[in-house]
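Structure data follow from upload22.pdb (PDB, C-alpha atoms, pLDDT in the B column):
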ATOM      1  CA  MET A   1       0.000   0.000   0.000  1.00 37.00           C
ATOM      2  CA  HIS A   2       1.401   3.402  -0.939  1.00 45.00           C
ATOM      3  CA  PHE A   3       0.576   6.559   0.937  1.00 49.00           C
ATOM      4  CA  TRP A   4       2.090   9.981   1.402  1.00 50.00           C
ATOM      5  CA  ALA A   5       1.985  12.652   4.059  1.00 55.00           C
ATOM      6  CA  PRO A   6       3.889  15.967   4.132  1.00 53.00           C
ATOM      7  CA  GLU A   7       5.954  14.940   7.154  1.00 56.00           C
ATOM      8  CA  ILE A   8       7.311  11.817   5.420  1.00 58.00           C
ATOM      9  CA  ASP A   9      10.747  12.199   3.884  1.00 58.00           C
ATOM     10  CA  PRO A  10      10.574  10.860   0.299  1.00 61.00           C
ATOM     11  CA  ALA A  11      14.128   9.520   0.577  1.00 64.00           C
ATOM     12  CA  HIS A  12      13.193   7.508   3.709  1.00 59.00           C
ATOM     13  CA  PRO A  13       9.428   6.927   3.487  1.00 57.00           C
ATOM     14  CA  MET A  14       9.142   4.393   6.307  1.00 58.00           C
ATOM     15  CA  ASP A  15      10.923   6.540   8.927  1.00 58.00           C
ATOM     16  CA  CYS A  16       7.748   8.394   9.947  1.00 55.00           C
ATOM     17  CA  THR A  17       5.286   5.521   9.850  1.00 56.00           C
ATOM     18  CA  GLN A  18       6.167   3.866  13.146  1.00 59.00           C
ATOM     19  CA  PRO A  19       3.862   4.626  16.057  1.00 72.00           C
ATOM     20  CA  GLU A  20       5.265   6.900  18.707  1.00 83.00           C
ATOM     21  CA  ARG A  21       4.178   7.067  22.327  1.00 92.00           C
ATOM     22  CA  TYR A  22       4.758   9.775  24.910  1.00 95.00           C
ATOM     23  CA  VAL A  23       4.190  10.010  28.667  1.00 96.00           C
ATOM     24  CA  LEU A  24       4.261  12.845  31.176  1.00 96.00           C
ATOM     25  CA  GLN A  25       6.861  12.717  33.937  1.00 97.00           C
ATOM     26  CA  ARG A  26       6.856  14.863  37.058  1.00 95.00           C
ATOM     27  CA  LEU A  27      10.031  16.892  37.344  1.00 94.00           C
ATOM     28  CA  GLY A  28      11.985  16.213  40.488  1.00 89.00           C
ATOM     29  CA  SER A  29      10.269  12.987  41.547  1.00 91.00           C
ATOM     30  CA  GLY A  30      10.700  10.922  38.389  1.00 91.00           C
ATOM     31  CA  GLN A  31       7.122   9.658  38.729  1.00 96.00           C
ATOM     32  CA  PHE A  32       4.923   9.294  35.652  1.00 97.00           C
ATOM     33  CA  LEU A  33       1.290  10.378  35.329  1.00 96.00           C
ATOM     34  CA  ALA A  34      -1.591   7.977  34.882  1.00 96.00           C
ATOM     35  CA  ILE A  35      -5.365   8.309  34.989  1.00 94.00           C
ATOM     36  CA  ASP A  36      -7.118   6.686  37.939  1.00 94.00           C
ATOM     37  CA  GLN A  37      -9.930   4.528  36.552  1.00 91.00           C
ATOM     38  CA  ARG A  38     -12.129   5.053  39.620  1.00 94.00           C
ATOM     39  CA  ASP A  39     -12.607   8.800  39.321  1.00 94.00           C
ATOM     40  CA  GLN A  40     -10.589   9.882  36.253  1.00 92.00           C
ATOM     41  CA  SER A  41      -8.161  11.876  38.413  1.00 93.00           C
ATOM     42  CA  LEU A  42      -4.412  11.984  37.849  1.00 93.00           C
ATOM     43  CA  LYS A  43      -2.188   9.716  39.888  1.00 95.00           C
ATOM     44  CA  ASP A  44       1.548   9.138  40.076  1.00 96.00           C
ATOM     45  CA  VAL A  45       2.982   5.771  39.022  1.00 97.00           C
ATOM     46  CA  ALA A  46       6.550   4.526  39.211  1.00 96.00           C
ATOM     47  CA  ASP A  47       6.886   2.851  35.819  1.00 94.00           C
ATOM     48  CA  VAL A  48       6.283   3.887  32.221  1.00 95.00           C
ATOM     49  CA  ALA A  49       4.152   0.800  31.528  1.00 94.00           C
ATOM     50  CA  SER A  50       1.493   2.077  33.963  1.00 95.00           C
ATOM     51  CA  ALA A  51       1.548   5.679  32.728  1.00 97.00           C
ATOM     52  CA  TYR A  52      -1.009   7.197  30.376  1.00 95.00           C
ATOM     53  CA  LEU A  53       0.312   6.956  26.794  1.00 94.00           C
ATOM     54  CA  PHE A  54      -0.217   9.795  24.345  1.00 94.00           C
ATOM     55  CA  HIS A  55      -0.252   8.829  20.663  1.00 89.00           C
ATOM     56  CA  THR A  56       1.148  12.129  19.401  1.00 88.00           C
ATOM     57  CA  HIS A  57       3.767  14.540  20.647  1.00 90.00           C
ATOM     58  CA  GLU A  58       1.368  17.445  20.138  1.00 91.00           C
ATOM     59  CA  ALA A  59      -1.274  15.912  22.436  1.00 92.00           C
ATOM     60  CA  ALA A  60       1.320  15.308  25.146  1.00 94.00           C
ATOM     61  CA  LEU A  61       2.567  18.895  24.819  1.00 94.00           C
ATOM     62  CA  ARG A  62      -0.986  20.273  25.117  1.00 94.00           C
ATOM     63  CA  ALA A  63      -1.565  18.255  28.293  1.00 95.00           C
ATOM     64  CA  ALA A  64       1.814  19.286  29.736  1.00 95.00           C
ATOM     65  CA  SER A  65       1.118  22.945  28.960  1.00 94.00           C
ATOM     66  CA  GLU A  66      -2.250  22.788  30.701  1.00 95.00           C
ATOM     67  CA  LEU A  67      -0.768  21.048  33.760  1.00 94.00           C
ATOM     68  CA  LYS A  68       2.042  23.622  33.899  1.00 94.00           C
ATOM     69  CA  ARG A  69      -0.561  26.393  33.736  1.00 94.00           C
ATOM     70  CA  LEU A  70      -2.233  24.774  36.760  1.00 93.00           C
ATOM     71  CA  GLY A  71       1.054  24.661  38.682  1.00 92.00           C
ATOM     72  CA  SER A  72       2.417  21.166  38.022  1.00 91.00           C
ATOM     73  CA  SER A  73       5.974  20.671  36.822  1.00 93.00           C
ATOM     74  CA  VAL A  74       5.918  17.973  34.130  1.00 95.00           C
ATOM     75  CA  ASP A  75       7.993  17.007  31.145  1.00 95.00           C
ATOM     76  CA  VAL A  76       7.093  15.077  27.983  1.00 95.00           C
ATOM     77  CA  VAL A  77       9.087  11.857  27.568  1.00 95.00           C
ATOM     78  CA  LYS A  78       9.163   9.705  24.426  1.00 93.00           C
ATOM     79  CA  VAL A  79       8.704   5.998  25.148  1.00 92.00           C
ATOM     80  CA  GLU A  80      11.082   3.831  23.142  1.00 82.00           C
TER      81      GLU A  80
END
Let me see whether you can do it: turn the structure in this file into structure tokens.
Amino acid sequence: MHFWAPEIDPAHPMDCTQPERYVLQRLGSGQFLAIDQRDQSLKDVADVASAYLFHTHEAALRAASELKRLGSSVDVVKVE
């Protein structure tokens, strides 16, 4: 199947087709953010596997910006 998107480099077309995942990490504590299933609040977790995964960098940045506006210190981390 052939497809094209502006962000894909024509010389390396498969470089941008792999899914990327991002998480939010609290600065200072090293904890990651997850969503509590009971009440949809944020909770801290120790490992990346339990953290909430964002599918795009832009979505993770929007969430981090909003949390920073509310006073939380978080960073966006790409999950390998």
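When only C-alpha atoms are used to measure the gap to A:Arg21, the shortest distance among A:Leu53, A:Leu70, A:Leu42, A:Ala64 belongs to A:Leu53.
Atom pair atom CA of A:Leu61 / atom CA of A:Ala34: separated by 15.4 Å.
Taking atom CA of A:Asp44 and atom CA of A:Arg26 as the two end points, the separation is 8.4 Å.
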Using atom CA of A:Ser73 and atom CA of A:Tyr22 as the two end points, give the distance in Å to one decimal.
16.2 Å
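This file, queried with the PyMOL selection byres ((chain A and resi 46) around 9), gives the residues Gly30, Gln31, Phe32, Leu33, Asp44, Val45, Asp47, Val48, Ala49, Ser50 and Ala51 of chain A.
When the PyMOL selection byres ((chain A and resi 80) around 8) is run on the displayed coordinates, the residues it returns are Glu20, Arg21, Lys78 and Val79 of chain A.
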With the file shown as input, list the residues that the PyMOL selection byres ((chain A and resi 72) around 12) selects, as a ChimeraX atom specification.
/A:24-29,33,42,63-71,73-75
Save stretch 28-44 of chain A to a file: N, CA and C atoms, as a PDB file, in the first residue's frame.
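This is the output file out-v2.pdb:
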ATOM      1  N   GLY A  28      11.541  16.320  39.102  1.00  0.00           N
ATOM      2  CA  GLY A  28      11.985  16.213  40.488  1.00  0.00           C
ATOM      3  C   GLY A  28      11.757  14.847  41.090  1.00  0.00           C
ATOM      4  N   SER A  29      10.565  14.275  40.910  1.00  0.00           N
ATOM      5  CA  SER A  29      10.269  12.987  41.547  1.00  0.00           C
ATOM      6  C   SER A  29      10.521  11.800  40.631  1.00  0.00           C
ATOM      7  N   GLY A  30      10.507  12.033  39.325  1.00  0.00           N
ATOM      8  CA  GLY A  30      10.700  10.922  38.389  1.00  0.00           C
ATOM      9  C   GLY A  30       9.467  10.059  38.197  1.00  0.00           C
ATOM     10  N   GLN A  31       8.367  10.414  38.861  1.00  0.00           N
ATOM     11  CA  GLN A  31       7.122   9.658  38.729  1.00  0.00           C
ATOM     12  C   GLN A  31       6.449  10.014  37.402  1.00  0.00           C
ATOM     13  N   PHE A  32       5.665   9.078  36.889  1.00  0.00           N
ATOM     14  CA  PHE A  32       4.923   9.294  35.652  1.00  0.00           C
ATOM     15  C   PHE A  32       3.449   9.484  35.987  1.00  0.00           C
ATOM     16  N   LEU A  33       2.707  10.124  35.085  1.00  0.00           N
ATOM     17  CA  LEU A  33       1.290  10.378  35.329  1.00  0.00           C
ATOM     18  C   LEU A  33       0.420   9.328  34.662  1.00  0.00           C
ATOM     19  N   ALA A  34      -0.587   8.912  35.386  1.00  0.00           N
ATOM     20  CA  ALA A  34      -1.591   7.977  34.882  1.00  0.00           C
ATOM     21  C   ALA A  34      -2.966   8.506  35.263  1.00  0.00           C
ATOM     22  N   ILE A  35      -3.992   7.928  34.670  1.00  0.00           N
ATOM     23  CA  ILE A  35      -5.365   8.309  34.989  1.00  0.00           C
ATOM     24  C   ILE A  35      -5.974   7.223  35.854  1.00  0.00           C
ATOM     25  N   ASP A  36      -6.470   7.621  37.017  1.00  0.00           N
ATOM     26  CA  ASP A  36      -7.118   6.686  37.939  1.00  0.00           C
ATOM     27  C   ASP A  36      -8.477   6.290  37.362  1.00  0.00           C
ATOM     28  N   GLN A  37      -8.697   5.020  37.178  1.00  0.00           N
ATOM     29  CA  GLN A  37      -9.930   4.528  36.552  1.00  0.00           C
ATOM     30  C   GLN A  37     -11.171   4.738  37.423  1.00  0.00           C
ATOM     31  N   ARG A  38     -10.978   4.884  38.728  1.00  0.00           N
ATOM     32  CA  ARG A  38     -12.129   5.053  39.620  1.00  0.00           C
ATOM     33  C   ARG A  38     -12.816   6.396  39.445  1.00  0.00           C
ATOM     34  N   ASP A  39     -12.000   7.470  39.374  1.00  0.00           N
ATOM     35  CA  ASP A  39     -12.607   8.800  39.321  1.00  0.00           C
ATOM     36  C   ASP A  39     -12.005   9.709  38.248  1.00  0.00           C
ATOM     37  N   GLN A  40     -11.199   9.143  37.361  1.00  0.00           N
ATOM     38  CA  GLN A  40     -10.589   9.882  36.253  1.00  0.00           C
ATOM     39  C   GLN A  40      -9.655  10.997  36.713  1.00  0.00           C
ATOM     40  N   SER A  41      -9.135  10.895  37.933  1.00  0.00           N
ATOM     41  CA  SER A  41      -8.161  11.876  38.413  1.00  0.00           C
ATOM     42  C   SER A  41      -6.751  11.427  38.009  1.00  0.00           C
ATOM     43  N   LEU A  42      -5.798  12.329  38.134  1.00  0.00           N
ATOM     44  CA  LEU A  42      -4.412  11.984  37.849  1.00  0.00           C
ATOM     45  C   LEU A  42      -3.787  11.325  39.066  1.00  0.00           C
ATOM     46  N   LYS A  43      -2.935  10.352  38.803  1.00  0.00           N
ATOM     47  CA  LYS A  43      -2.188   9.716  39.888  1.00  0.00           C
ATOM     48  C   LYS A  43      -0.764   9.490  39.424  1.00  0.00           C
ATOM     49  N   ASP A  44       0.145   9.404  40.373  1.00  0.00           N
ATOM     50  CA  ASP A  44       1.548   9.138  40.076  1.00  0.00           C
ATOM     51  C   ASP A  44       1.791   7.640  40.072  1.00  0.00           C
TER      52      ASP A  44
END
